$ cat input_31.pdb   # PDB, C-alpha atoms, pLDDT in the B column
ATOM      1  CA  MET A  23     -31.120 -33.334  28.082  1.00 54.00           C
ATOM      2  CA  ASN A  24     -33.207 -32.101  25.232  1.00 60.00           C
ATOM      3  CA  SER A  25     -31.624 -28.708  25.459  1.00 60.00           C
ATOM      4  CA  ARG A  26     -28.225 -30.144  24.612  1.00 61.00           C
ATOM      5  CA  LYS A  27     -29.522 -31.941  21.540  1.00 61.00           C
ATOM      6  CA  ARG A  28     -31.032 -28.781  20.107  1.00 63.00           C
ATOM      7  CA  LYS A  29     -27.874 -26.771  20.524  1.00 63.00           C
ATOM      8  CA  THR A  30     -26.166 -26.259  17.158  1.00 64.00           C
ATOM      9  CA  VAL A  31     -22.455 -26.803  16.835  1.00 61.00           C
ATOM     10  CA  LYS A  32     -20.611 -23.998  15.078  1.00 62.00           C
ATOM     11  CA  LYS A  33     -18.185 -25.114  12.423  1.00 62.00           C
ATOM     12  CA  ARG A  34     -14.978 -23.195  12.301  1.00 66.00           C
ATOM     13  CA  ARG A  35     -13.446 -22.473   8.911  1.00 68.00           C
ATOM     14  CA  GLY A  36     -10.350 -20.744  10.195  1.00 68.00           C
ATOM     15  CA  GLY A  37      -8.275 -23.917  10.129  1.00 75.00           C
ATOM     16  CA  LYS A  38      -9.099 -24.610   6.495  1.00 82.00           C
ATOM     17  CA  VAL A  39      -8.332 -21.053   5.412  1.00 82.00           C
ATOM     18  CA  PHE A  40      -5.061 -21.136   7.335  1.00 84.00           C
ATOM     19  CA  ALA A  41      -4.072 -24.449   5.704  1.00 84.00           C
ATOM     20  CA  ILE A  42      -4.854 -23.123   2.234  1.00 87.00           C
ATOM     21  CA  LEU A  43      -2.854 -19.928   2.820  1.00 89.00           C
ATOM     22  CA  LEU A  44       0.064 -21.878   4.253  1.00 89.00           C
ATOM     23  CA  SER A  45       0.152 -24.283   1.310  1.00 89.00           C
ATOM     24  CA  LEU A  46      -0.050 -21.340  -1.120  1.00 91.00           C
ATOM     25  CA  ILE A  47       2.890 -19.634   0.598  1.00 92.00           C
ATOM     26  CA  ILE A  48       4.944 -22.838   0.506  1.00 92.00           C
ATOM     27  CA  PHE A  49       4.124 -23.321  -3.181  1.00 90.00           C
ATOM     28  CA  LEU A  50       5.191 -19.757  -4.024  1.00 91.00           C
ATOM     29  CA  ALA A  51       8.378 -20.157  -1.973  1.00 89.00           C
ATOM     30  CA  LEU A  52       9.269 -23.282  -3.968  1.00 89.00           C
ATOM     31  CA  ILE A  53       8.730 -21.415  -7.240  1.00 89.00           C
ATOM     32  CA  VAL A  54      10.916 -18.506  -6.103  1.00 86.00           C
ATOM     33  CA  PHE A  55      13.596 -20.940  -4.907  1.00 85.00           C
ATOM     34  CA  GLY A  56      13.573 -22.660  -8.315  1.00 83.00           C
ATOM     35  CA  ILE A  57      13.892 -19.354 -10.144  1.00 82.00           C
ATOM     36  CA  VAL A  58      16.805 -18.282  -7.936  1.00 79.00           C
ATOM     37  CA  MET A  59      18.611 -21.582  -8.490  1.00 79.00           C
ATOM     38  CA  VAL A  60      18.175 -21.380 -12.275  1.00 78.00           C
ATOM     39  CA  GLY A  61      19.400 -17.783 -12.159  1.00 73.00           C
ATOM     40  CA  ARG A  62      22.472 -18.830 -10.173  1.00 71.00           C
ATOM     41  CA  HIS A  63      23.257 -21.496 -12.772  1.00 70.00           C
ATOM     42  CA  VAL A  64      22.970 -18.987 -15.622  1.00 69.00           C
ATOM     43  CA  ILE A  65      25.101 -16.432 -13.745  1.00 66.00           C
ATOM     44  CA  SER A  66      27.706 -19.093 -13.014  1.00 64.00           C
ATOM     45  CA  SER A  67      28.026 -20.104 -16.662  1.00 66.00           C
ATOM     46  CA  GLN A  68      28.199 -16.464 -17.781  1.00 63.00           C
ATOM     47  CA  THR A  69      30.824 -15.757 -15.105  1.00 59.00           C
ATOM     48  CA  ASP A  70      32.922 -18.647 -16.387  1.00 59.00           C
ATOM     49  CA  ASN A  71      32.767 -17.235 -19.905  1.00 59.00           C
ATOM     50  CA  ILE A  72      33.719 -13.730 -18.767  1.00 55.00           C
ATOM     51  CA  ALA A  73      36.493 -14.943 -16.465  1.00 52.00           C
ATOM     52  CA  ALA A  74      38.035 -16.995 -19.263  1.00 53.00           C
ATOM     53  CA  LYS A  75      38.457 -13.755 -21.207  1.00 50.00           C
ATOM     54  CA  PHE A  76      40.311 -11.781 -18.556  1.00 47.00           C
ATOM     55  CA  ILE A  77      42.320 -14.379 -16.636  1.00 48.00           C
ATOM     56  CA  PRO A  78      45.076 -15.515 -18.974  1.00 45.00           C
ATOM     57  CA  ASP A  79      45.299 -19.239 -19.726  1.00 46.00           C
ATOM     58  CA  SER A  80      42.086 -20.162 -17.918  1.00 44.00           C
ATOM     59  CA  GLN A  81      39.142 -22.024 -19.385  1.00 45.00           C
ATOM     60  CA  ASN A  82      36.540 -21.442 -16.680  1.00 45.00           C
ATOM     61  CA  LEU A  83      36.199 -20.951 -12.958  1.00 42.00           C
ATOM     62  CA  THR A  84      35.849 -24.651 -12.286  1.00 44.00           C
ATOM     63  CA  ASP A  85      39.484 -25.165 -13.310  1.00 45.00           C
ATOM     64  CA  ALA A  86      41.746 -26.018 -10.440  1.00 39.00           C
ATOM     65  CA  ALA A  87      43.663 -23.049  -9.087  1.00 39.00           C
ATOM     66  CA  ASP A  88      46.969 -24.463 -10.327  1.00 42.00           C
ATOM     67  CA  GLN A  89      45.723 -24.484 -13.922  1.00 48.00           C
ATOM     68  CA  ILE A  90      45.194 -20.721 -14.000  1.00 55.00           C
ATOM     69  CA  GLY A  91      48.136 -18.855 -15.425  1.00 71.00           C
ATOM     70  CA  SER A  92      50.014 -16.217 -13.524  1.00 81.00           C
ATOM     71  CA  ALA A  93      49.343 -12.591 -14.338  1.00 85.00           C
ATOM     72  CA  THR A  94      50.378  -9.303 -12.814  1.00 86.00           C
ATOM     73  CA  PRO A  95      47.742  -6.733 -11.876  1.00 89.00           C
ATOM     74  CA  SER A  96      48.715  -4.625 -14.904  1.00 89.00           C
ATOM     75  CA  ALA A  97      48.305  -7.610 -17.254  1.00 87.00           C
ATOM     76  CA  ILE A  98      44.875  -8.412 -15.844  1.00 87.00           C
ATOM     77  CA  ALA A  99      43.880  -4.723 -16.024  1.00 88.00           C
ATOM     78  CA  SER A 100      44.891  -4.506 -19.680  1.00 88.00           C
ATOM     79  CA  LYS A 101      42.934  -7.706 -20.468  1.00 86.00           C
ATOM     80  CA  LEU A 102      39.875  -6.328 -18.676  1.00 85.00           C
ATOM     81  CA  ASN A 103      40.139  -3.044 -20.553  1.00 88.00           C
ATOM     82  CA  GLU A 104      40.564  -4.880 -23.881  1.00 87.00           C
ATOM     83  CA  ASN A 105      37.423  -6.896 -23.201  1.00 83.00           C
ATOM     84  CA  SER A 106      35.313  -4.113 -21.699  1.00 85.00           C
ATOM     85  CA  ASP A 107      32.996  -4.044 -24.731  1.00 86.00           C
ATOM     86  CA  THR A 108      32.359  -7.780 -24.400  1.00 82.00           C
ATOM     87  CA  ILE A 109      31.716  -7.468 -20.682  1.00 80.00           C
ATOM     88  CA  LYS A 110      29.289  -4.577 -21.269  1.00 82.00           C
ATOM     89  CA  SER A 111      27.411  -6.490 -23.979  1.00 80.00           C
ATOM     90  CA  GLN A 112      27.166  -9.659 -21.869  1.00 78.00           C
ATOM     91  CA  SER A 113      25.711  -7.648 -18.995  1.00 75.00           C
ATOM     92  CA  GLN A 114      22.654  -7.030 -21.200  1.00 75.00           C
ATOM     93  CA  GLY A 115      22.644  -3.290 -20.622  1.00 78.00           C
ATOM     94  CA  LEU A 116      23.252  -3.459 -16.879  1.00 80.00           C
ATOM     95  CA  ILE A 117      26.788  -2.059 -17.124  1.00 85.00           C
ATOM     96  CA  ASN A 118      27.442   1.248 -18.915  1.00 88.00           C
ATOM     97  CA  SER A 119      31.222   1.229 -18.632  1.00 89.00           C
ATOM     98  CA  ALA A 120      33.960  -0.949 -17.201  1.00 89.00           C
ATOM     99  CA  LYS A 121      37.481   0.235 -16.469  1.00 92.00           C
ATOM    100  CA  ALA A 122      40.386  -1.446 -14.728  1.00 92.00           C
ATOM    101  CA  THR A 123      43.390   0.260 -13.178  1.00 92.00           C
ATOM    102  CA  SER A 124      46.322  -1.253 -11.353  1.00 92.00           C
ATOM    103  CA  THR A 125      49.261  -0.608  -9.090  1.00 90.00           C
ATOM    104  CA  ASP A 126      52.061  -3.018  -8.220  1.00 88.00           C
ATOM    105  CA  THR A 127      49.900  -5.012  -5.795  1.00 90.00           C
ATOM    106  CA  LYS A 128      46.316  -3.854  -6.392  1.00 92.00           C
ATOM    107  CA  LEU A 129      43.792  -4.203  -9.179  1.00 91.00           C
ATOM    108  CA  THR A 130      40.839  -1.806  -9.116  1.00 92.00           C
ATOM    109  CA  TYR A 131      37.886  -2.567 -11.363  1.00 92.00           C
ATOM    110  CA  THR A 132      35.199   0.099 -11.691  1.00 92.00           C
ATOM    111  CA  LEU A 133      31.804  -0.823 -13.102  1.00 90.00           C
ATOM    112  CA  GLU A 134      29.447   2.046 -13.872  1.00 91.00           C
ATOM    113  CA  SER A 135      25.723   1.494 -14.236  1.00 87.00           C
ATOM    114  CA  SER A 136      22.718   3.763 -14.455  1.00 86.00           C
ATOM    115  CA  LYS A 137      20.437   0.850 -13.548  1.00 83.00           C
ATOM    116  CA  LEU A 138      21.997  -0.157 -10.238  1.00 80.00           C
ATOM    117  CA  ASN A 139      21.167   1.167  -6.789  1.00 82.00           C
ATOM    118  CA  LYS A 140      21.947  -0.070  -3.278  1.00 85.00           C
ATOM    119  CA  ALA A 141      18.912  -2.352  -3.190  1.00 81.00           C
ATOM    120  CA  THR A 142      19.626  -4.056  -6.531  1.00 78.00           C
ATOM    121  CA  VAL A 143      23.319  -4.442  -5.730  1.00 81.00           C
ATOM    122  CA  GLY A 144      22.402  -5.996  -2.385  1.00 80.00           C
ATOM    123  CA  ALA A 145      20.000  -8.408  -4.090  1.00 76.00           C
ATOM    124  CA  LEU A 146      22.561  -9.332  -6.745  1.00 77.00           C
ATOM    125  CA  LEU A 147      25.241  -9.991  -4.148  1.00 78.00           C
ATOM    126  CA  LEU A 148      22.840 -11.987  -2.022  1.00 77.00           C
ATOM    127  CA  ALA A 149      21.979 -14.177  -4.998  1.00 71.00           C
ATOM    128  CA  SER A 150      25.460 -14.571  -6.452  1.00 74.00           C
ATOM    129  CA  GLY A 151      27.978 -13.133  -4.003  1.00 78.00           C
ATOM    130  CA  ASP A 152      29.739 -16.468  -3.624  1.00 80.00           C
ATOM    131  CA  GLN A 153      30.379 -16.575  -7.364  1.00 78.00           C
ATOM    132  CA  VAL A 154      31.854 -13.068  -7.270  1.00 82.00           C
ATOM    133  CA  LYS A 155      34.128 -14.237  -4.450  1.00 87.00           C
ATOM    134  CA  ASP A 156      35.183 -17.264  -6.518  1.00 83.00           C
ATOM    135  CA  VAL A 157      36.198 -14.982  -9.398  1.00 82.00           C
ATOM    136  CA  ALA A 158      38.051 -12.703  -6.973  1.00 87.00           C
ATOM    137  CA  ASP A 159      39.901 -15.678  -5.468  1.00 89.00           C
ATOM    138  CA  LYS A 160      40.962 -16.870  -8.927  1.00 86.00           C
ATOM    139  CA  VAL A 161      42.247 -13.396  -9.822  1.00 87.00           C
ATOM    140  CA  LEU A 162      44.148 -13.145  -6.525  1.00 89.00           C
ATOM    141  CA  ASP A 163      45.663 -16.614  -7.063  1.00 89.00           C
ATOM    142  CA  SER A 164      46.740 -15.563 -10.527  1.00 87.00           C
ATOM    143  CA  MET A 165      48.456 -12.461  -9.140  1.00 89.00           C
ATOM    144  CA  LYS A 166      50.118 -14.509  -6.372  1.00 90.00           C
ATOM    145  CA  LYS A 167      51.578 -16.877  -8.959  1.00 88.00           C
ATOM    146  CA  ALA A 168      53.031 -13.880 -10.770  1.00 87.00           C
ATOM    147  CA  GLY A 169      54.979 -12.993  -7.631  1.00 88.00           C
ATOM    148  CA  VAL A 170      52.774 -10.264  -6.152  1.00 89.00           C
ATOM    149  CA  ALA A 171      53.419 -10.365  -2.402  1.00 88.00           C
ATOM    150  CA  GLN A 172      50.038  -9.208  -1.061  1.00 91.00           C
ATOM    151  CA  PRO A 173      47.628  -8.988  -3.985  1.00 92.00           C
ATOM    152  CA  LYS A 174      44.447  -6.964  -3.580  1.00 93.00           C
ATOM    153  CA  LEU A 175      41.347  -6.675  -5.714  1.00 92.00           C
ATOM    154  CA  GLN A 176      38.864  -3.848  -5.380  1.00 93.00           C
ATOM    155  CA  ILE A 177      35.607  -3.777  -7.316  1.00 91.00           C
ATOM    156  CA  ASP A 178      33.784  -0.441  -7.293  1.00 92.00           C
ATOM    157  CA  LEU A 179      30.158  -0.384  -8.389  1.00 90.00           C
ATOM    158  CA  THR A 180      29.176   3.185  -9.237  1.00 92.00           C
ATOM    159  CA  ASP A 181      26.115   4.944 -10.560  1.00 89.00           C
ATOM    160  CA  ASP A 182      26.149   6.994 -13.763  1.00 86.00           C
ATOM    161  CA  LYS A 183      27.234  10.112 -11.807  1.00 88.00           C
ATOM    162  CA  GLY A 184      30.325   8.381 -10.410  1.00 86.00           C
ATOM    163  CA  ASN A 185      28.981   7.962  -6.872  1.00 90.00           C
ATOM    164  CA  ILE A 186      30.117   4.678  -5.345  1.00 91.00           C
ATOM    165  CA  ILE A 187      27.205   2.360  -4.610  1.00 90.00           C
ATOM    166  CA  LYS A 188      29.257  -0.525  -3.232  1.00 91.00           C
ATOM    167  CA  THR A 189      32.939  -1.369  -2.903  1.00 92.00           C
ATOM    168  CA  LEU A 190      34.034  -4.981  -2.719  1.00 91.00           C
ATOM    169  CA  ASP A 191      37.549  -5.537  -1.326  1.00 93.00           C
ATOM    170  CA  TYR A 192      39.383  -8.834  -1.579  1.00 92.00           C
ATOM    171  CA  SER A 193      42.907  -9.716  -0.524  1.00 89.00           C
ATOM    172  CA  ALA A 194      44.911 -12.898  -0.412  1.00 79.00           C
TER     173      ALA A 194
END
$ encode --input "input_31.pdb" --output "structure tokens"
Amino acid sequence: MNSRKRKTVKKRRGGKVFAILLSLIIFLALIVFGIVMVGRHVISSQTDNIAAKFIPDSQNLTDAADQIGSATPSAIASKLNENSDTIKSQSQGLINSAKATSTDTKLTYTLESSKLNKATVGALLLASGDQVKDVADKVLDSMKKAGVAQPKLQIDLTDDKGNIIKTLDYSA
């Protein structure tokens, strides 16, 4: 019996270290989540401001779809081209040039950037892809109201050499 009393019990610290690491990871995840949510709010408000400039008769993206005026693809393209300087300045240097072209049923918007690559475009779309889709839906609704039978919107994101990084296609 004495031999059992003399035996020392080893204390394990692995559980404490694991708990500290886990709580640190959870804390950092909450911070990142907060930053992403604030970023989404800022992007949403900026998107509303930009969309109000190129969709005729709209105030922001939270307007109901029936409050957005009708516009043909050529009218939207001319508005986008008129406001390309504003769009470039509001992108804070992310966009080098913006050009819109149109056919009878399709609007093609080309954004050129020397700062975008596939990874950054993927991250941007992951963070705010639903807001891009909301803008696309509003543009398509606007074209539908103007009498376009099957409206299409294509957004081409290109690098400074003209190589397409990502193409986003939307149709009603």
$ resolve_selection --input "input_31.pdb" --expression "the PyMOL selection byres ((chain A and resi 188) around 10)" --output "ChimeraX atom specification"
/A:139-140,143-144,177-181,185-187,189-191
$ residues_around --input "input_31.pdb" --residues "Ser150 in chain A" --least-positions-apart "2" --cutoff "9 Å" --atoms "only C-alpha atoms" --output "list of chain:residue names"
A:Gly61, A:Arg62, A:Ile65, A:Ser66, A:Ala145, A:Leu146, A:Leu147, A:Leu148, A:Asp152, A:Gln153, A:Val154, A:Lys155
$ resolve_selection --input "input_31.pdb" --expression "the PyMOL selection byres ((chain A and resi 131-133) around 7)" --output "list in words"
Ile117, Ser119, Ala120, Lys121, Ala122, Thr123, Leu129, Thr130, Glu134, Ser135, Gln176, Ile177, Asp178, Leu179 and Thr180 of chain A
$ residues_around --input "input_31.pdb" --residues "Pro95 in chain A" --least-positions-apart "4" --cutoff "12 Å" --atoms "all atoms listed in the file" --output "ChimeraX atom specification"
/A:76-78,99-102,122-131,161-176
$ atom_distance --input "input_31.pdb" --atom1 "CA of Leu44 in chain A" --atom2 "CA of Gly56 in chain A"
18.5 Å
$ atom_distance --input "input_31.pdb" --atom1 "CA of Ser111 in chain A" --atom2 "CA of Asp182 in chain A"
17.0 Å
$ atom_distance --input "input_31.pdb" --atom1 "CA of Ala149 in chain A" --atom2 "CA of Val58 in chain A"
7.2 Å
$ closest_residue --input "input_31.pdb" --among "A:Val39, A:Leu116, A:Ile47, A:Ile98" --to "Leu138 in chain A" --atoms "all atoms listed in the file"
A:Leu116
